[in-house]
Each structure stands twice: as C-alpha cells, then as structure tokens.
Amino acid sequence: MNFEPVDRLPRWEWAMWWDLTIDRWHAEGLPRGLEASQVIEIAQWFGLDPYQQFWFSTTDPTIAAAQHHVEGIVATMEDYRRVRPALFPSHAQAMAALAPWAERQRRGEAVVWGTVEGFFWFPRTLMGFEKLMYAFSDQPDLLHAINGDLLAFNLELLDRMFEVCVPTFMTIAEDMSYNHGPMISRRLFDEFVAPYYRRLLPRLRQHDIPLFMDTDGDVTLLVPWLESMGVAGVLPLERQAGVDGMALRRQFPRLRLVGHFDKMTMTRGEAAMRAEFERLVPLMRCGGFIPSVDHQTPPGVSLDQYRCYLRLLEEYTRC
C-alpha cells in the first residue's frame, strides 16, 4: 500500500461474510463449528492472511458493528441529551483484547485494523436518514453537538488504543455515497463533516496510520473532498455502482484502494471471475491496491464458487 515492491499482494476479505452465506456453506462443507461471528477462524480455514478488526461502536460495548438497533431514536437536542448517557461505551474489554494481537503484529504474523464511526454515519445512526437530511438545514447545532461528542470519543479511544497497539491501518465508517454519488453536497460536507476529520487525522499521522473511508456506492465525486483533508484511501469501490478504479488511479496517483472485485461475477463461474481479475491486473500492477470482494460475499455464492474465487485470488496476487 506504500507503492513499494512486494513478494505478493495480501489475500484477505475486508468485509465479513453474511450470516446467510455461512449458513449455506455449512450445508456444503464449511465446518458447523465455524459461525458467522468467527471471522478470524473462517479466514484461517480458507487460508487467508490473518488480521483482526477492532470496531469501536458508539452504541454497544463490543468490537462489532452493532449500531443499527438505535437508528432513528433522536429527533431533537432534547432527545440527544436524553440518550447520550447510554452512548460512547468505554470498550475496556476491547482494549484488553488488543494486547495479544499487538504482539502478533509486532512479530509480523498478523495485521491489526481499527475502525471508528464517522461524522455522517453516527448522526444518521441516531436520527435515521430523513431526519438527518432535514437537520442539516433546521438543526445544525444538534449535528455539531453530536459530532463534537463523537470526535472527543474517537480521540480518547485512539489515545487508549495506542498505549496497547498501533494498528496497521484504520477505517472510518461513513457510507456517505450510494450508486449516484455523495449523499450530501460539498458545502454540507465542508460545514458538518470535514472540520472533525481535520482534528482526527493529525492524531493518526502522529503514528503514521493511514485512514481509509468505508463508503459504499460510487465514491468518485467524493474522493477529491477526502484527498483535500489527507484521507489515505477508500473502500470497497463497488463495481455495480460504476466505480472505475483505474480512472481513480490516473486522477489520484497516490490514493490507496481496497476491494473492487465485482461480487456479482462470483455466481457466473470461473471464466467470469477470471475476466474480472484480468480487469484488475493493471490496477494491481500500479501498487497501492489490494483486490478483495467489493462487499460481503452474497449467499447466492456456493462454497465451490468461493473456493474458485480464492484459487484465482492466489494466482493473480502473485507478483
């Protein structure tokens, strides 16, 4: 990802598998003891590179993405003040769990990946999409209060995490773009989102940690906004939304990219998957890119089809 020569490209899945996908695979040969929540164990069973993601949820004291059960509970500043005491857990258990992974990372045996929730994602989680869209116009103070608290929470988490482990990279969950581009204008981004990134990113730069924005859909128009702040990369580059990774590479030569393998090819057999890898070869040769399924592997993909994908992944990631 630093555009330097490597012996091979990494082989990993940035997004865990769907529960329904794992249920199907249990009937096709995946050991019954491996459940969807056991991401590391499943990755090891498939022979993928070892990593551990620590997702620091704003609403649940786990390291998993458990945020959607609170969606839409805030409509006013009074609502936010009422629910705020239940937000921003300490994550003491996650901090303790970091230590053995930090040692594995130090020995070069694994990658630690940290995730925090972002300044579009979290207000939408609390308010729901429609109320959030109105709030940009009608309740700007509420959005700044939410994001000011989120910034303080994220910075405090980073300081505690760095005492135990400095992750290889971090993602910030936003989902700010869908199939027609960004869901807010540049003006709203600059007023309500960018100021908080500009205070978060220096803390990461102190430890040489690149930050990737996790946003679905078509990220193309959003990338210049991110580059202007120093965000290092984006994922998952969903092909069905029309993202063109090589066009992004030509426009932004140092942008780091992850994903971009069209998951919709996986049910169409080896020839379709091989053609998709061939499409990605020029991007792989540029550096700064890790190929991976461009979102979770859907339940329509059989275990044999996924094994075919993994065999091709191994072939095409050799340098």
# chains A, B, ... in the order shown; residues from 1 in each chain; ligands from 1
>>> residues_around(residues="range 300-308 of chain A", least_positions_apart="4", cutoff="10 Å", atoms="only C-alpha atoms", output="PDB file with C-alpha atoms, in the first residue's frame")
ATOM      1  CA  LEU A  20     -26.916 -16.410   5.224  1.00  0.00           C
ATOM      2  CA  THR A  21     -23.755 -17.124   3.230  1.00  0.00           C
ATOM      3  CA  ILE A  22     -22.221 -19.001   6.150  1.00  0.00           C
ATOM      4  CA  ARG A  24     -25.385 -22.064   3.102  1.00  0.00           C
ATOM      5  CA  TRP A  25     -21.736 -23.058   3.297  1.00  0.00           C
ATOM      6  CA  HIS A  26     -22.385 -25.159   6.401  1.00  0.00           C
ATOM      7  CA  ALA A  27     -24.516 -27.389   4.182  1.00  0.00           C
ATOM      8  CA  GLU A  28     -21.738 -27.512   1.581  1.00  0.00           C
ATOM      9  CA  GLY A  29     -18.701 -28.392   3.695  1.00  0.00           C
ATOM     10  CA  LEU A  30     -17.817 -25.485   5.984  1.00  0.00           C
ATOM     11  CA  PHE A  46      -9.839 -20.624   3.900  1.00  0.00           C
ATOM     12  CA  LYS A 263     -19.054  -9.816  -6.352  1.00  0.00           C
ATOM     13  CA  MET A 264     -21.789 -10.311  -8.966  1.00  0.00           C
ATOM     14  CA  THR A 265     -19.368 -12.322 -11.113  1.00  0.00           C
ATOM     15  CA  MET A 266     -18.921 -14.992  -8.446  1.00  0.00           C
ATOM     16  CA  THR A 267     -22.057 -16.960  -9.355  1.00  0.00           C
ATOM     17  CA  ARG A 268     -21.219 -16.978 -13.066  1.00  0.00           C
ATOM     18  CA  GLY A 269     -18.302 -19.388 -12.953  1.00  0.00           C
ATOM     19  CA  GLU A 270     -14.545 -19.394 -13.349  1.00  0.00           C
ATOM     20  CA  MET A 273     -14.262 -14.454 -12.293  1.00  0.00           C
ATOM     21  CA  ARG A 274     -11.050 -14.754 -14.286  1.00  0.00           C
ATOM     22  CA  LEU A 312      -7.876 -17.262  -8.658  1.00  0.00           C
ATOM     23  CA  LEU A 313      -7.078 -14.721  -5.944  1.00  0.00           C
ATOM     24  CA  GLU A 314      -3.950 -16.692  -5.060  1.00  0.00           C
TER      25      GLU A 314
END
>>> residues_around(residues="Phe56 in chain A", least_positions_apart="6", cutoff="12 Å", atoms="only C-alpha atoms", output="number ranges by chain")
A: 62-67, 87-95, 98, 113-118, 150, 153-158, 160-161, 170-173
>>> closest_residue(among="A:Arg81, A:Arg311, A:Ala194, A:Thr317", to="Val231 in chain A", atoms="only C-alpha atoms")
A:Ala194
>>> residues_around(residues="Asp141 in chain A", least_positions_apart="5", cutoff="12 Å", atoms="only C-alpha atoms", output="list of chain:residue names")
A:Thr76, A:Met77, A:Glu78, A:Tyr80, A:Ala135, A:Phe136, A:Ile146, A:Asn147, A:Gly148, A:Glu191, A:Phe192
>>> closest_residue(among="A:Asn179, A:Leu204, A:Ile209, A:Arg82", to="Val112 in chain A", atoms="only C-alpha atoms")
A:Ile209
>>> select_by_dssp(residues="range 16-119 of chain A", states="strand (DSSP E)", output="list in words")
Tyr51, Gln52, Gln53, Phe54, Trp55, Phe56, Val111, Val112, Trp113, Gly114, Thr115, Val116 and Glu117 of chain A
>>> closest_residue(among="A:Val234, A:Ala75, A:Cys286, A:Ala272", to="Pro253 in chain A", atoms="only C-alpha atoms")
A:Cys286
>>> atom_distance(atom1="CA of Leu255 in chain A", atom2="CA of Leu222 in chain A")
12.5 Å
>>> residues_around(residues="Tyr316 in chain A", least_positions_apart="2", cutoff="12 Å", atoms="only C-alpha atoms", output="list in words")
Arg8, Leu9, Pro10, Arg11, Met273, Arg274, Ala275, Glu276, Phe277, Glu278, Arg279, Leu280, Val281, Pro282, Leu283, Met284, Arg285, Ile290, Pro291, Ser292, Tyr309, Leu310, Arg311, Leu312, Leu313, Glu314, Arg318 and Cys319 of chain A
>>> write_last_selection(atoms="N, CA and C atoms", output="tab-separated table (two decimals), in the first residue's frame")
chain	number	residue	atom	x	y	z
A	8	ARG	N	4.19	-10.66	-2.84
A	8	ARG	CA	2.85	-10.91	-3.34
A	8	ARG	C	1.92	-9.90	-2.70
A	9	LEU	N	0.72	-9.78	-3.25
A	9	LEU	CA	-0.28	-8.91	-2.66
A	9	LEU	C	-0.99	-9.63	-1.51
A	10	PRO	N	-1.51	-8.90	-0.55
A	10	PRO	CA	-2.28	-9.52	0.54
A	10	PRO	C	-3.51	-10.24	0.01
A	11	ARG	N	-3.92	-11.26	0.76
A	11	ARG	CA	-5.11	-12.03	0.43
A	11	ARG	C	-6.02	-12.03	1.64
A	273	MET	N	-15.14	-14.94	-13.36
A	273	MET	CA	-14.26	-14.45	-12.29
A	273	MET	C	-12.87	-14.16	-12.82
A	274	ARG	N	-12.37	-15.01	-13.71
A	274	ARG	CA	-11.05	-14.75	-14.29
A	274	ARG	C	-11.04	-13.46	-15.10
A	275	ALA	N	-12.09	-13.22	-15.86
A	275	ALA	CA	-12.18	-11.97	-16.61
A	275	ALA	C	-12.19	-10.76	-15.67
A	276	GLU	N	-12.84	-10.91	-14.51
A	276	GLU	CA	-12.86	-9.81	-13.55
A	276	GLU	C	-11.48	-9.56	-12.97
A	277	PHE	N	-10.74	-10.62	-12.66
A	277	PHE	CA	-9.36	-10.43	-12.20
A	277	PHE	C	-8.50	-9.80	-13.29
A	278	GLU	N	-8.71	-10.20	-14.54
A	278	GLU	CA	-7.93	-9.59	-15.62
A	278	GLU	C	-8.21	-8.10	-15.71
A	279	ARG	N	-9.45	-7.71	-15.44
A	279	ARG	CA	-9.77	-6.27	-15.43
A	279	ARG	C	-8.97	-5.53	-14.37
A	280	LEU	N	-8.68	-6.23	-13.25
A	280	LEU	CA	-8.00	-5.59	-12.13
A	280	LEU	C	-6.48	-5.65	-12.24
A	281	VAL	N	-5.93	-6.44	-13.15
A	281	VAL	CA	-4.48	-6.61	-13.23
A	281	VAL	C	-3.75	-5.27	-13.39
A	282	PRO	N	-4.15	-4.37	-14.28
A	282	PRO	CA	-3.42	-3.10	-14.38
A	282	PRO	C	-3.41	-2.32	-13.08
A	283	LEU	N	-4.49	-2.37	-12.34
A	283	LEU	CA	-4.55	-1.67	-11.06
A	283	LEU	C	-3.64	-2.35	-10.04
A	284	MET	N	-3.61	-3.67	-10.03
A	284	MET	CA	-2.73	-4.39	-9.11
A	284	MET	C	-1.26	-4.06	-9.39
A	285	ARG	N	-0.92	-3.89	-10.65
A	285	ARG	CA	0.47	-3.60	-11.01
A	285	ARG	C	0.90	-2.19	-10.62
A	290	ILE	N	-5.29	-3.35	-2.98
A	290	ILE	CA	-5.48	-4.72	-2.56
A	290	ILE	C	-6.82	-5.20	-3.11
A	291	PRO	N	-6.81	-6.19	-4.00
A	291	PRO	CA	-8.08	-6.70	-4.51
A	291	PRO	C	-8.83	-7.49	-3.45
A	292	SER	N	-10.12	-7.31	-3.42
A	292	SER	CA	-10.98	-8.02	-2.49
A	292	SER	C	-12.41	-7.90	-3.00
A	309	TYR	N	-12.96	-18.66	-6.49
A	309	TYR	CA	-12.51	-17.28	-6.33
A	309	TYR	C	-11.19	-17.22	-5.57
A	310	LEU	N	-11.06	-17.99	-4.48
A	310	LEU	CA	-9.84	-17.97	-3.70
A	310	LEU	C	-8.65	-18.51	-4.49
A	311	ARG	N	-8.89	-19.54	-5.30
A	311	ARG	CA	-7.82	-20.09	-6.13
A	311	ARG	C	-7.33	-19.04	-7.13
A	312	LEU	N	-8.26	-18.32	-7.73
A	312	LEU	CA	-7.88	-17.26	-8.66
A	312	LEU	C	-7.22	-16.09	-7.93
A	313	LEU	N	-7.70	-15.78	-6.74
A	313	LEU	CA	-7.08	-14.72	-5.94
A	313	LEU	C	-5.62	-15.05	-5.68
A	314	GLU	N	-5.34	-16.29	-5.30
A	314	GLU	CA	-3.95	-16.69	-5.06
A	314	GLU	C	-3.11	-16.55	-6.34
A	318	ARG	N	0.02	-13.20	-7.02
A	318	ARG	CA	1.46	-13.45	-7.11
A	318	ARG	C	2.10	-12.34	-7.94
A	319	CYS	N	3.26	-11.93	-7.54
A	319	CYS	CA	3.94	-10.85	-8.26
A	319	CYS	C	5.06	-11.40	-9.16
>>> select_by_dssp(residues="range 13-254 of chain A", states="helix (DSSP H, G or I)", output="PyMOL selection string")
chain A and resi 19-26+39-46+68-70+77-86+92-106+121-127+129-138+140-164+186-192+194-205+223-229+239-241+245-251
>>> residues_around(residues="Leu48 in chain A", least_positions_apart="3", cutoff="7 Å", atoms="only C-alpha atoms", output="list in words")
Arg11, Trp12, Ala43 and Gln44 of chain A
>>> closest_residue(among="A:Ile184, A:Glu13, A:Asp7, A:Pro100", to="Gly47 in chain A", atoms="only C-alpha atoms")
A:Glu13
>>> residues_around(residues="Leu221 in chain A", least_positions_apart="3", cutoff="7 Å", atoms="only C-alpha atoms", output="PyMOL selection string")
chain A and resi 181-182+224
>>> write_last_selection(atoms="N, CA and C atoms", output="CSV table (one decimal), in the first residue's frame")
chain,number,residue,atom,x,y,z
A,181,GLY,N,-23.5,8.7,-6.2
A,181,GLY,CA,-22.5,9.6,-5.7
A,181,GLY,C,-22.8,10.0,-4.3
A,182,PRO,N,-22.2,11.1,-3.8
A,182,PRO,CA,-22.3,11.5,-2.4
A,182,PRO,C,-23.8,11.9,-2.1
A,224,PRO,N,-12.1,13.7,-4.3
A,224,PRO,CA,-11.3,14.9,-4.1
A,224,PRO,C,-11.6,15.6,-2.8
>>> closest_residue(among="A:Phe3, A:Trp45, A:Tyr51, A:Phe119", to="Ala152 in chain A", atoms="only C-alpha atoms")
A:Phe119
>>> closest_residue(among="A:Pro167, A:Val74, A:Pro50, A:Trp55", to="Ala110 in chain A", atoms="only C-alpha atoms")
A:Pro50
